[in-house]
2 protein chains.
Amino acid sequence: MNSSSGANIKVLIVDDEASIRDLLTRTLRFEDFETQAAANGLDAIDAIEKFQPDIILLDVMLPDMNGFSVTKKIRSQGVTTPVLFLTAKDEAEHKVQGLTVGGDDYVTKPFSLAEIVARIHAILRRTKAVKNEDSVLEVGEVSIHNDAHEVFVNGTLIDLSPTEYNLLHFMMTNPNQVLKKEQILNHVWEYDFGGNTAIVESYVSYLRKKLDEHTSESVIITKRGVGYMFRSTKKA
Amino acid sequence: MNSSSGANIKVLIVDDEASIRDLLTRTLRFEDFETQAAANGLDAIDAIEKFQPDIILLDVMLPDMNGFSVTKKIRSQGVTTPVLFLTAKDEAEHKVQGLTVGGDDYVTKPFSLAEIVARIHAILRRTKAVKNEDSVLEVGEVSIHNDAHEVFVNGTLIDLSPTEYNLLHFMMTNPNQVLKKEQILNHVWEYDFGGNTAIVESYVSYLRKKLDEHTSESVIITKRGVGYMFRSTKKA
DNA sequence: GCCTGTTCTCAGGAAACTTCCAGAAAAAAC
DNA sequence: GTTTTTTCTGGAAGTTTCCTGAGAACAGGC
């Protein structure tokens, strides 16, 4: 999202898969977070002590011990750093839910990068009141209420599917800036999505159909050969 | 694009085709980058260690190992140098997509030199904040907003096709100097473009038609027998 | 289980864009 | 002033990109 999204925030990434560590590291650094990574539970505990992260992304399945044990261990040492668990969908979701007390939260793999970034902000907002990722986002004639997951266009409530909502949210956090279809795909869809950018076209089409009947002019502009742009102002 | 565009920046060029290495080397040196080249993966890994580049142009198809393996290898060694992948259009684009989320990016072959230079700047701006390739470029009565891909002439928004935009951008980054048609062709069009410089004349004509109705005098001056020049000031 | 909403793919058609050509216009050469 | 060279520009062909409807696959709620 914007360039100083995570300035001065330290994130510890714990996952045994190198590709996931890499993906998260580069994404979060790009978002201006300071990151460090660990591949197993022991290294993680070590890194928490030394690196003193503000938040921990913790894979539940680790080679030596599971994420819950890691959490239990550090909590017993008085560490209250919030944890964002990364878990496979089938990995006993209810188990995770029970453990996400306090500031903690979890996302299921495969996740989308936009979701990870959003969750991190949400957690930090709750626990530290760092950077108030506003729960209401208003751009031009459209406003998104993040808490209620509601979208209003010039006062009218619009019903969107989850993916439509995510796409709109991503575009509205980057208004007046051309977003390449690939860029959109990489942020809004899950990281292992197999298809191509045609789906972005489809969803832009869905969004337009729902939004544009209430606006003076289409809020999503096609920049042929480049991508799409959410406009906040009149085109002139 | 101006003469000190890449001062003190080290670029490692990795491609097995000598002609591509040459093309890139000459272009980037002209742009004041410091360059070094490698023809295969092993040499590349070696060069990364010794040369310590600020950015790597990496062909995906290499004789010994592919570009992803090279990246994986160096990342595992803690090297975070951003990579600009060079890839054939049909070469499993989705594979590359996952890798373009952090600082990395990619261009498909055949690329244009202007695009390579622009991407390098974009990457460096994001990762190192070296030399902010301004997102707004203003020369005389014309201003280009790179983020939104919009062009204003004396306040009026002008609608341009991708090629028109690229041509204008190239000319505006080199104002008040005569650009030979061939030079323009080499920078703005893809390197394997088959036609001749007549197309530059066509596009200059298109640009003039769109821009000049809002300016006091044509912004693109013909230097007969030589080329074209974008003027920033009145001609006198 | 059945229905509904959602996600994703695909393909046809429309629109925009690129490229080439050829005649007109302008400038330079003689 | 005429010829030659170079540039300009409209048109047409061919290609690419984008939009959208239709339908398959899937999940969740009732």
# chains A, B, ... in the order shown; residues from 1 in each chain; ligands from 1
$ residues_around --residues "DA13 in chain D" --least-positions-apart "2" --cutoff "12 Å" --atoms "only C-alpha atoms (C1' of nucleotides)" --output "VMD selection string"
(chain C and resid 18 to 21) or (chain D and resid 11 15)
$ residues_around --residues "DG29 in chain D" --least-positions-apart "2" --cutoff "10 Å" --atoms "only C-alpha atoms (C1' of nucleotides)" --output "list in words"
DC3 and DT4 of chain C; DA27 of chain D
$ closest_residue --among "A:Ile184, A:Tyr206, A:Gln52, A:Val117" --to "DG21 in chain D" --atoms "only C-alpha atoms (C1' of nucleotides)"
A:Tyr206
$ interface_residues --of "chain D" --to "chain B" --cutoff "12 Å" --atoms "only C-alpha atoms (C1' of nucleotides)" --output "PyMOL selection string"
chain D and resi 5-10+17
$ write_last_selection --atoms "C-alpha atoms (C1' of nucleotides)" --output "compact mmCIF listing (two decimals), in the first residue's frame"
# COMPACT_ATOMS: atom_id res chain seq x y z
C1' DT D 5 14.64 15.37 -50.49
C1' DT D 6 12.47 15.11 -46.25
C1' DT D 7 8.59 15.40 -43.31
C1' DC D 8 3.65 15.37 -42.35
C1' DT D 9 -0.75 13.18 -42.08
C1' DG D 10 -5.00 10.66 -43.42
C1' DT D 17 -6.71 -5.24 -25.30
$ select_by_dssp --residues "range 79-193 of chain A" --states "alpha helix (DSSP H)" --output "PyMOL selection string"
chain A and resi 93-99+113-128+162-172+181-188
$ write_last_selection --atoms "C-alpha atoms" --output "short mmCIF file (atom, residue, chain, number, x, y, z; two decimals), in the first residue's frame"
data_model
loop_
_atom_site.label_atom_id
_atom_site.label_comp_id
_atom_site.auth_asym_id
_atom_site.auth_seq_id
_atom_site.Cartn_x
_atom_site.Cartn_y
_atom_site.Cartn_z
CA GLU A 93 -9.29 -24.07 12.89
CA HIS A 94 -11.23 -24.10 16.10
CA LYS A 95 -8.05 -24.82 17.98
CA VAL A 96 -6.55 -21.65 16.67
CA GLN A 97 -9.59 -19.62 17.41
CA GLY A 98 -9.44 -20.48 21.05
CA LEU A 99 -5.91 -19.29 21.25
CA LEU A 113 -0.78 -10.28 0.95
CA ALA A 114 -3.36 -7.57 1.28
CA GLU A 115 -4.91 -9.58 4.06
CA ILE A 116 -1.66 -10.04 5.95
CA VAL A 117 -0.90 -6.35 5.80
CA ALA A 118 -4.42 -5.46 6.85
CA ARG A 119 -4.35 -7.87 9.79
CA ILE A 120 -1.03 -6.56 10.98
CA HIS A 121 -2.39 -3.06 10.95
CA ALA A 122 -5.53 -4.15 12.71
CA ILE A 123 -3.57 -5.86 15.46
CA LEU A 124 -1.24 -2.94 15.93
CA ARG A 125 -4.12 -0.54 16.02
CA ARG A 126 -5.74 -2.52 18.79
CA THR A 127 -2.71 -3.21 20.87
CA LYS A 128 -0.57 -0.15 20.48
CA PRO A 162 -15.98 -10.71 -0.26
CA THR A 163 -13.69 -10.55 -3.27
CA GLU A 164 -15.41 -7.48 -4.62
CA TYR A 165 -14.95 -5.86 -1.25
CA ASN A 166 -11.27 -6.73 -1.08
CA LEU A 167 -10.61 -5.44 -4.54
CA LEU A 168 -12.41 -2.19 -3.84
CA HIS A 169 -10.55 -1.79 -0.58
CA PHE A 170 -7.19 -2.31 -2.22
CA MET A 171 -7.97 0.16 -4.96
CA MET A 172 -9.26 2.74 -2.53
CA LYS A 181 -3.55 -6.00 -13.11
CA GLU A 182 -0.73 -8.15 -11.86
CA GLN A 183 -0.16 -5.93 -8.92
CA ILE A 184 -3.83 -6.23 -8.04
CA LEU A 185 -3.74 -9.97 -8.48
CA ASN A 186 -0.70 -10.31 -6.25
CA HIS A 187 -2.21 -8.30 -3.44
CA VAL A 188 -5.85 -9.20 -3.46
#
$ residues_around --residues "Asp212 in chain B" --least-positions-apart "4" --cutoff "12 Å" --atoms "only C-alpha atoms (C1' of nucleotides)" --output "list in words"
Glu141, Val142, Phe152, Val153, Asn154, Thr156, Ile158, Val204, Ser205, Tyr206, Leu207, Arg208, Ser216, Glu217, Ser218, Val219, Ile220 and Ile221 of chain B
$ write_last_selection --atoms "N, CA and C atoms" --output "CSV table (one decimal), in the first residue's frame"
chain,number,residue,atom,x,y,z
B,141,GLU,N,5.0,23.8,-20.7
B,141,GLU,CA,3.6,23.8,-20.5
B,141,GLU,C,3.0,22.5,-20.3
B,142,VAL,N,3.8,21.5,-20.3
B,142,VAL,CA,3.3,20.1,-20.2
B,142,VAL,C,3.8,19.4,-18.9
B,152,PHE,N,-1.0,16.5,-18.5
B,152,PHE,CA,-1.7,17.8,-18.6
B,152,PHE,C,-1.0,18.8,-19.4
B,153,VAL,N,-1.7,19.5,-20.2
B,153,VAL,CA,-1.1,20.6,-21.0
B,153,VAL,C,-1.8,21.9,-20.6
B,154,ASN,N,-1.1,22.8,-19.9
B,154,ASN,CA,-1.7,24.0,-19.4
B,154,ASN,C,-3.0,23.7,-18.6
B,156,THR,N,-5.1,21.2,-18.9
B,156,THR,CA,-6.0,20.3,-19.5
B,156,THR,C,-5.5,18.9,-19.6
B,158,ILE,N,-5.0,15.4,-21.1
B,158,ILE,CA,-4.9,14.9,-22.4
B,158,ILE,C,-4.9,13.4,-22.4
B,204,VAL,N,5.0,11.3,-33.7
B,204,VAL,CA,5.2,12.7,-33.4
B,204,VAL,C,4.0,13.5,-33.9
B,205,SER,N,3.5,13.1,-35.0
B,205,SER,CA,2.3,13.7,-35.6
B,205,SER,C,1.1,13.6,-34.7
B,206,TYR,N,0.9,12.4,-34.1
B,206,TYR,CA,-0.2,12.1,-33.2
B,206,TYR,C,-0.1,13.0,-32.0
B,207,LEU,N,1.1,13.1,-31.5
B,207,LEU,CA,1.3,13.9,-30.3
B,207,LEU,C,1.1,15.3,-30.5
B,208,ARG,N,1.6,15.8,-31.6
B,208,ARG,CA,1.4,17.2,-31.9
B,208,ARG,C,-0.1,17.5,-32.0
B,216,SER,N,0.9,27.4,-26.8
B,216,SER,CA,1.1,28.6,-27.6
B,216,SER,C,1.8,28.3,-28.9
B,217,GLU,N,2.6,27.2,-28.9
B,217,GLU,CA,3.5,26.9,-30.0
B,217,GLU,C,3.8,25.4,-29.9
B,218,SER,N,4.1,24.8,-31.0
B,218,SER,CA,4.4,23.3,-30.9
B,218,SER,C,5.5,23.0,-29.9
B,219,VAL,N,5.2,22.0,-29.1
B,219,VAL,CA,6.2,21.6,-28.1
B,219,VAL,C,7.3,20.7,-28.7
B,220,ILE,N,7.0,20.1,-29.8
B,220,ILE,CA,8.0,19.3,-30.5
B,220,ILE,C,8.5,20.0,-31.7
B,221,ILE,N,9.7,20.2,-31.8
B,221,ILE,CA,10.3,20.9,-32.9
B,221,ILE,C,11.0,20.0,-33.8
$ atom_distance --atom1 "CA of Ser112 in chain B" --atom2 "CA of Leu57 in chain B"
13.9 Å
$ closest_residue --among "B:Glu150, B:His214, B:Pro175, B:Leu160" --to "chain C" --atoms "only C-alpha atoms (C1' of nucleotides)"
B:Leu160
$ residues_around --residues "Leu137 in chain B" --least-positions-apart "2" --cutoff "9 Å" --atoms "only C-alpha atoms (C1' of nucleotides)" --output "number ranges by chain"
B: 133-135, 139, 142-146, 169, 172-173
$ select_by_dssp --residues "range 4-147 of chain A" --states "strand (DSSP E or B)" --output "CSV table (one decimal) with N, CA and C atoms, in the first residue's frame"
chain,number,residue,atom,x,y,z
A,10,LYS,N,8.7,-3.5,13.9
A,10,LYS,CA,9.5,-4.7,13.7
A,10,LYS,C,8.6,-6.0,13.7
A,11,VAL,N,8.8,-6.8,12.6
A,11,VAL,CA,8.0,-8.0,12.5
A,11,VAL,C,8.9,-9.2,12.4
A,12,LEU,N,8.6,-10.2,13.2
A,12,LEU,CA,9.3,-11.4,13.1
A,12,LEU,C,8.5,-12.4,12.3
A,13,ILE,N,9.1,-13.0,11.3
A,13,ILE,CA,8.4,-14.0,10.5
A,13,ILE,C,8.9,-15.4,10.8
A,14,VAL,N,8.0,-16.3,11.2
A,14,VAL,CA,8.4,-17.6,11.5
A,14,VAL,C,7.7,-18.6,10.6
A,34,GLU,N,10.3,-3.4,9.4
A,34,GLU,CA,11.6,-4.0,9.6
A,34,GLU,C,11.3,-5.5,9.9
A,35,THR,N,12.0,-6.3,9.2
A,35,THR,CA,11.7,-7.8,9.4
A,35,THR,C,12.9,-8.6,9.8
A,36,GLN,N,12.6,-9.7,10.4
A,36,GLN,CA,13.6,-10.7,10.6
A,36,GLN,C,12.9,-12.1,10.5
A,37,ALA,N,13.6,-13.1,10.1
A,37,ALA,CA,12.9,-14.4,9.9
A,37,ALA,C,13.5,-15.5,10.7
A,38,ALA,N,12.7,-16.5,11.0
A,38,ALA,CA,13.2,-17.7,11.6
A,38,ALA,C,12.5,-18.9,11.0
A,55,ILE,N,5.5,-7.5,16.5
A,55,ILE,CA,4.4,-8.4,16.2
A,55,ILE,C,5.1,-9.7,15.6
A,56,ILE,N,4.5,-10.8,15.7
A,56,ILE,CA,5.1,-12.1,15.3
A,56,ILE,C,4.1,-12.8,14.3
A,57,LEU,N,4.6,-13.1,13.1
A,57,LEU,CA,3.9,-13.9,12.2
A,57,LEU,C,4.3,-15.3,12.4
A,58,LEU,N,3.5,-16.2,12.9
A,58,LEU,CA,3.9,-17.5,13.4
A,58,LEU,C,3.2,-18.6,12.7
A,59,ASP,N,3.9,-19.4,11.9
A,59,ASP,CA,3.4,-20.6,11.3
A,59,ASP,C,3.0,-21.6,12.4
A,83,VAL,N,0.6,-12.1,18.4
A,83,VAL,CA,0.9,-13.1,17.4
A,83,VAL,C,-0.1,-13.2,16.3
A,84,LEU,N,0.3,-13.2,15.1
A,84,LEU,CA,-0.6,-13.5,14.0
A,84,LEU,C,-0.3,-14.9,13.5
A,85,PHE,N,-1.1,-15.9,13.8
A,85,PHE,CA,-0.8,-17.3,13.4
A,85,PHE,C,-1.1,-17.5,11.9
A,86,LEU,N,-0.2,-18.3,11.3
A,86,LEU,CA,-0.4,-18.7,9.9
A,86,LEU,C,-0.8,-20.2,10.0
A,87,THR,N,-1.9,-20.5,9.4
A,87,THR,CA,-2.3,-21.9,9.6
A,87,THR,C,-3.0,-22.5,8.3
A,88,ALA,N,-2.8,-23.7,8.1
A,88,ALA,CA,-3.5,-24.4,7.0
A,88,ALA,C,-4.9,-24.4,7.3
A,105,ASP,N,-4.4,-13.1,16.5
A,105,ASP,CA,-5.3,-13.3,15.4
A,105,ASP,C,-4.7,-14.4,14.5
A,106,TYR,N,-5.4,-14.8,13.5
A,106,TYR,CA,-4.8,-15.8,12.6
A,106,TYR,C,-5.4,-15.7,11.2
A,107,VAL,N,-4.6,-16.1,10.3
A,107,VAL,CA,-5.0,-16.2,8.9
A,107,VAL,C,-4.7,-17.6,8.4
A,108,THR,N,-5.5,-18.1,7.5
A,108,THR,CA,-5.3,-19.4,6.9
A,108,THR,C,-4.5,-19.3,5.6
A,109,LYS,N,-3.7,-20.3,5.5
A,109,LYS,CA,-2.9,-20.4,4.2
A,109,LYS,C,-3.8,-21.1,3.2
A,112,SER,N,-3.8,-13.9,1.2
A,112,SER,CA,-3.4,-12.9,0.2
A,112,SER,C,-2.6,-11.9,1.0
A,136,VAL,N,-12.8,3.8,8.8
A,136,VAL,CA,-13.7,4.4,7.7
A,136,VAL,C,-12.8,5.0,6.6
A,137,LEU,N,-12.9,4.5,5.4
A,137,LEU,CA,-12.1,5.0,4.3
A,137,LEU,C,-13.0,5.7,3.3
A,138,GLU,N,-12.7,6.9,3.0
A,138,GLU,CA,-13.6,7.6,2.1
A,138,GLU,C,-12.8,8.2,1.0
A,139,VAL,N,-13.1,7.9,-0.2
A,139,VAL,CA,-12.5,8.4,-1.4
A,139,VAL,C,-13.5,8.8,-2.4
A,142,VAL,N,-17.3,7.4,-2.7
A,142,VAL,CA,-17.4,6.0,-2.1
A,142,VAL,C,-16.8,6.0,-0.7
A,143,SER,N,-17.5,5.4,0.2
A,143,SER,CA,-16.9,5.2,1.6
A,143,SER,C,-17.0,3.7,2.0
A,144,ILE,N,-15.9,3.3,2.6
A,144,ILE,CA,-15.9,1.9,3.1
A,144,ILE,C,-15.8,1.9,4.6
A,145,HIS,N,-16.7,1.2,5.2
A,145,HIS,CA,-16.6,1.0,6.7
A,145,HIS,C,-16.1,-0.3,7.0
$ residues_around --residues "Lys180 in chain B" --least-positions-apart "6" --cutoff "8 Å" --atoms "only C-alpha atoms (C1' of nucleotides)" --output "ChimeraX atom specification"
/B:226-228
$ write_last_selection --atoms "N, CA and C atoms" --output "PDB file, in the first residue's frame"
ATOM      1  N   VAL B 226      17.878  15.837 -38.880  1.00  0.00           N
ATOM      2  CA  VAL B 226      18.490  15.348 -37.644  1.00  0.00           C
ATOM      3  C   VAL B 226      17.480  14.558 -36.802  1.00  0.00           C
ATOM      4  N   GLY B 227      16.478  15.242 -36.307  1.00  0.00           N
ATOM      5  CA  GLY B 227      15.509  14.548 -35.467  1.00  0.00           C
ATOM      6  C   GLY B 227      14.496  15.513 -34.887  1.00  0.00           C
ATOM      7  N   TYR B 228      14.106  15.243 -33.646  1.00  0.00           N
ATOM      8  CA  TYR B 228      13.108  16.079 -32.991  1.00  0.00           C
ATOM      9  C   TYR B 228      13.623  16.567 -31.647  1.00  0.00           C
TER      10      TYR B 228
END
$ atom_distance --atom1 "C1' of DT2 in chain D" --atom2 "C1' of DA27 in chain C"
13.8 Å
$ interface_residues --of "chain A" --to "chain B" --cutoff "9 Å" --atoms "only C-alpha atoms" --output "ChimeraX atom specification"
/A:3,18-19,22-31,113,175-179,182-183,185-187,191-196,223-226,229,235-236
$ residues_around --residues "DA22 in chain D" --least-positions-apart "6" --cutoff "12 Å" --atoms "only C-alpha atoms (C1' of nucleotides)" --output "MDAnalysis selection string"
chainID C and resid 9:12
$ write_last_selection --atoms "C-alpha atoms (C1' of nucleotides)" --output "PDB file, in the first residue's frame"
ATOM      1  C1'  DT C   9     -12.930 -19.515 -16.855  1.00  0.00           C
ATOM      2  C1'  DC C  10     -13.871 -18.792 -21.473  1.00  0.00           C
ATOM      3  C1'  DA C  11     -15.127 -16.793 -25.774  1.00  0.00           C
ATOM      4  C1'  DG C  12     -17.309 -13.354 -28.861  1.00  0.00           C
TER       5       DG C  12
END
$ atom_distance --atom1 "CA of Asn174 in chain B" --atom2 "CA of Arg231 in chain B"
9.5 Å
$ closest_residue --among "D:DG14, D:DG1, D:DG23, D:DG28" --to "DG5 in chain C" --atoms "only C-alpha atoms (C1' of nucleotides)"
D:DG28
$ residues_around --residues "Lys73 in chain B" --least-positions-apart "6" --cutoff "12 Å" --atoms "only C-alpha atoms (C1' of nucleotides)" --output "MDAnalysis selection string"
(chainID A and resid 18:19 22) or (chainID B and resid 41:42 44:46 48:49 65:67 79:80)
$ write_last_selection --atoms "N, CA and C atoms" --output "PDB file, in the first residue's frame"
ATOM      1  N   ALA A  18      10.926 -21.746   3.044  1.00  0.00           N
ATOM      2  CA  ALA A  18      11.731 -20.595   2.654  1.00  0.00           C
ATOM      3  C   ALA A  18      10.958 -19.662   1.724  1.00  0.00           C
ATOM      4  N   SER A  19      10.145 -20.245   0.857  1.00  0.00           N
ATOM      5  CA  SER A  19       9.444 -19.395  -0.116  1.00  0.00           C
ATOM      6  C   SER A  19       8.443 -18.459   0.571  1.00  0.00           C
ATOM      7  N   ASP A  22      10.342 -15.749   2.369  1.00  0.00           N
ATOM      8  CA  ASP A  22      10.811 -14.806   1.374  1.00  0.00           C
ATOM      9  C   ASP A  22       9.693 -13.868   0.925  1.00  0.00           C
TER      10      ASP A  22
ATOM     11  N   GLY B  41      24.254 -18.771 -14.568  1.00  0.00           N
ATOM     12  CA  GLY B  41      23.880 -18.657 -13.167  1.00  0.00           C
ATOM     13  C   GLY B  41      25.044 -18.679 -12.198  1.00  0.00           C
ATOM     14  N   LEU B  42      25.968 -19.554 -12.429  1.00  0.00           N
ATOM     15  CA  LEU B  42      27.093 -19.667 -11.503  1.00  0.00           C
ATOM     16  C   LEU B  42      27.950 -18.408 -11.498  1.00  0.00           C
ATOM     17  N   ALA B  44      26.923 -15.578 -12.250  1.00  0.00           N
ATOM     18  CA  ALA B  44      26.103 -14.526 -11.653  1.00  0.00           C
ATOM     19  C   ALA B  44      26.252 -14.530 -10.136  1.00  0.00           C
ATOM     20  N   ILE B  45      26.103 -15.709  -9.540  1.00  0.00           N
ATOM     21  CA  ILE B  45      26.209 -15.824  -8.088  1.00  0.00           C
ATOM     22  C   ILE B  45      27.577 -15.353  -7.615  1.00  0.00           C
ATOM     23  N   ASP B  46      28.559 -15.705  -8.402  1.00  0.00           N
ATOM     24  CA  ASP B  46      29.916 -15.279  -8.113  1.00  0.00           C
ATOM     25  C   ASP B  46      30.030 -13.753  -8.164  1.00  0.00           C
ATOM     26  N   ILE B  48      27.689 -11.536  -7.928  1.00  0.00           N
ATOM     27  CA  ILE B  48      26.890 -10.844  -6.926  1.00  0.00           C
ATOM     28  C   ILE B  48      27.714 -10.652  -5.656  1.00  0.00           C
ATOM     29  N   GLU B  49      28.464 -11.709  -5.318  1.00  0.00           N
ATOM     30  CA  GLU B  49      29.284 -11.655  -4.120  1.00  0.00           C
ATOM     31  C   GLU B  49      30.407 -10.626  -4.263  1.00  0.00           C
ATOM     32  N   MET B  65      21.261 -22.842 -14.869  1.00  0.00           N
ATOM     33  CA  MET B  65      20.168 -22.897 -13.913  1.00  0.00           C
ATOM     34  C   MET B  65      19.225 -21.739 -14.231  1.00  0.00           C
ATOM     35  N   ASN B  66      17.986 -21.813 -13.779  1.00  0.00           N
ATOM     36  CA  ASN B  66      17.106 -20.704 -14.134  1.00  0.00           C
ATOM     37  C   ASN B  66      17.210 -19.558 -13.132  1.00  0.00           C
ATOM     38  N   GLY B  67      16.650 -18.433 -13.536  1.00  0.00           N
ATOM     39  CA  GLY B  67      16.782 -17.227 -12.732  1.00  0.00           C
ATOM     40  C   GLY B  67      16.208 -17.359 -11.336  1.00  0.00           C
ATOM     41  N   VAL B  79      21.124 -12.286   0.864  1.00  0.00           N
ATOM     42  CA  VAL B  79      21.255 -11.157  -0.061  1.00  0.00           C
ATOM     43  C   VAL B  79      19.863 -10.653  -0.426  1.00  0.00           C
ATOM     44  N   THR B  80      19.626  -9.376  -0.232  1.00  0.00           N
ATOM     45  CA  THR B  80      18.282  -8.845  -0.498  1.00  0.00           C
ATOM     46  C   THR B  80      18.243  -7.947  -1.729  1.00  0.00           C
TER      47      THR B  80
END
$ closest_residue --among "B:Trp189, B:Asn40, B:Asp32, B:Thr215" --to "chain C" --atoms "only C-alpha atoms (C1' of nucleotides)"
B:Trp189
$ decode --residues "range 66-84 of chain A" --atoms "N, CA and C atoms" --output "short mmCIF file (atom, residue, chain, number, x, y, z; two decimals), in the first residue's frame"
data_model
loop_
_atom_site.label_atom_id
_atom_site.label_comp_id
_atom_site.auth_asym_id
_atom_site.auth_seq_id
_atom_site.Cartn_x
_atom_site.Cartn_y
_atom_site.Cartn_z
N ASN A 66 5.23 -26.84 17.71
CA ASN A 66 4.21 -26.09 16.99
C ASN A 66 4.09 -24.66 17.52
N GLY A 67 3.39 -23.86 16.74
CA GLY A 67 3.30 -22.44 17.06
C GLY A 67 2.70 -22.15 18.41
N PHE A 68 1.79 -23.02 18.84
CA PHE A 68 1.15 -22.79 20.14
C PHE A 68 2.16 -22.95 21.27
N SER A 69 3.02 -23.96 21.13
CA SER A 69 4.04 -24.17 22.16
C SER A 69 4.97 -22.97 22.24
N VAL A 70 5.28 -22.44 21.06
CA VAL A 70 6.14 -21.26 21.04
C VAL A 70 5.47 -20.13 21.80
N THR A 71 4.19 -19.94 21.49
CA THR A 71 3.45 -18.86 22.14
C THR A 71 3.40 -19.07 23.65
N LYS A 72 3.07 -20.30 24.02
CA LYS A 72 2.97 -20.62 25.44
C LYS A 72 4.29 -20.30 26.15
N LYS A 73 5.33 -20.73 25.52
CA LYS A 73 6.67 -20.53 26.07
C LYS A 73 6.98 -19.04 26.30
N ILE A 74 6.77 -18.26 25.28
CA ILE A 74 7.14 -16.84 25.43
C ILE A 74 6.19 -16.11 26.38
N ARG A 75 4.92 -16.54 26.36
CA ARG A 75 3.99 -15.90 27.30
C ARG A 75 4.40 -16.18 28.75
N SER A 76 4.90 -17.38 28.96
CA SER A 76 5.30 -17.74 30.32
C SER A 76 6.51 -16.92 30.76
N GLN A 77 7.19 -16.38 29.77
CA GLN A 77 8.34 -15.53 30.12
C GLN A 77 7.93 -14.06 30.18
N GLY A 78 6.62 -13.84 30.11
CA GLY A 78 6.15 -12.48 30.25
C GLY A 78 6.12 -11.66 28.97
N VAL A 79 6.37 -12.33 27.84
CA VAL A 79 6.34 -11.59 26.57
C VAL A 79 4.89 -11.48 26.09
N THR A 80 4.44 -10.27 25.82
CA THR A 80 3.04 -10.09 25.42
C THR A 80 2.88 -9.71 23.96
N THR A 81 3.98 -9.77 23.24
CA THR A 81 3.94 -9.41 21.81
C THR A 81 2.80 -10.13 21.10
N PRO A 82 1.97 -9.41 20.36
CA PRO A 82 0.85 -10.07 19.67
C PRO A 82 1.33 -11.00 18.56
N VAL A 83 0.57 -12.06 18.36
CA VAL A 83 0.94 -13.07 17.38
C VAL A 83 -0.14 -13.17 16.30
N LEU A 84 0.30 -13.23 15.06
CA LEU A 84 -0.61 -13.51 13.95
C LEU A 84 -0.26 -14.91 13.45
#
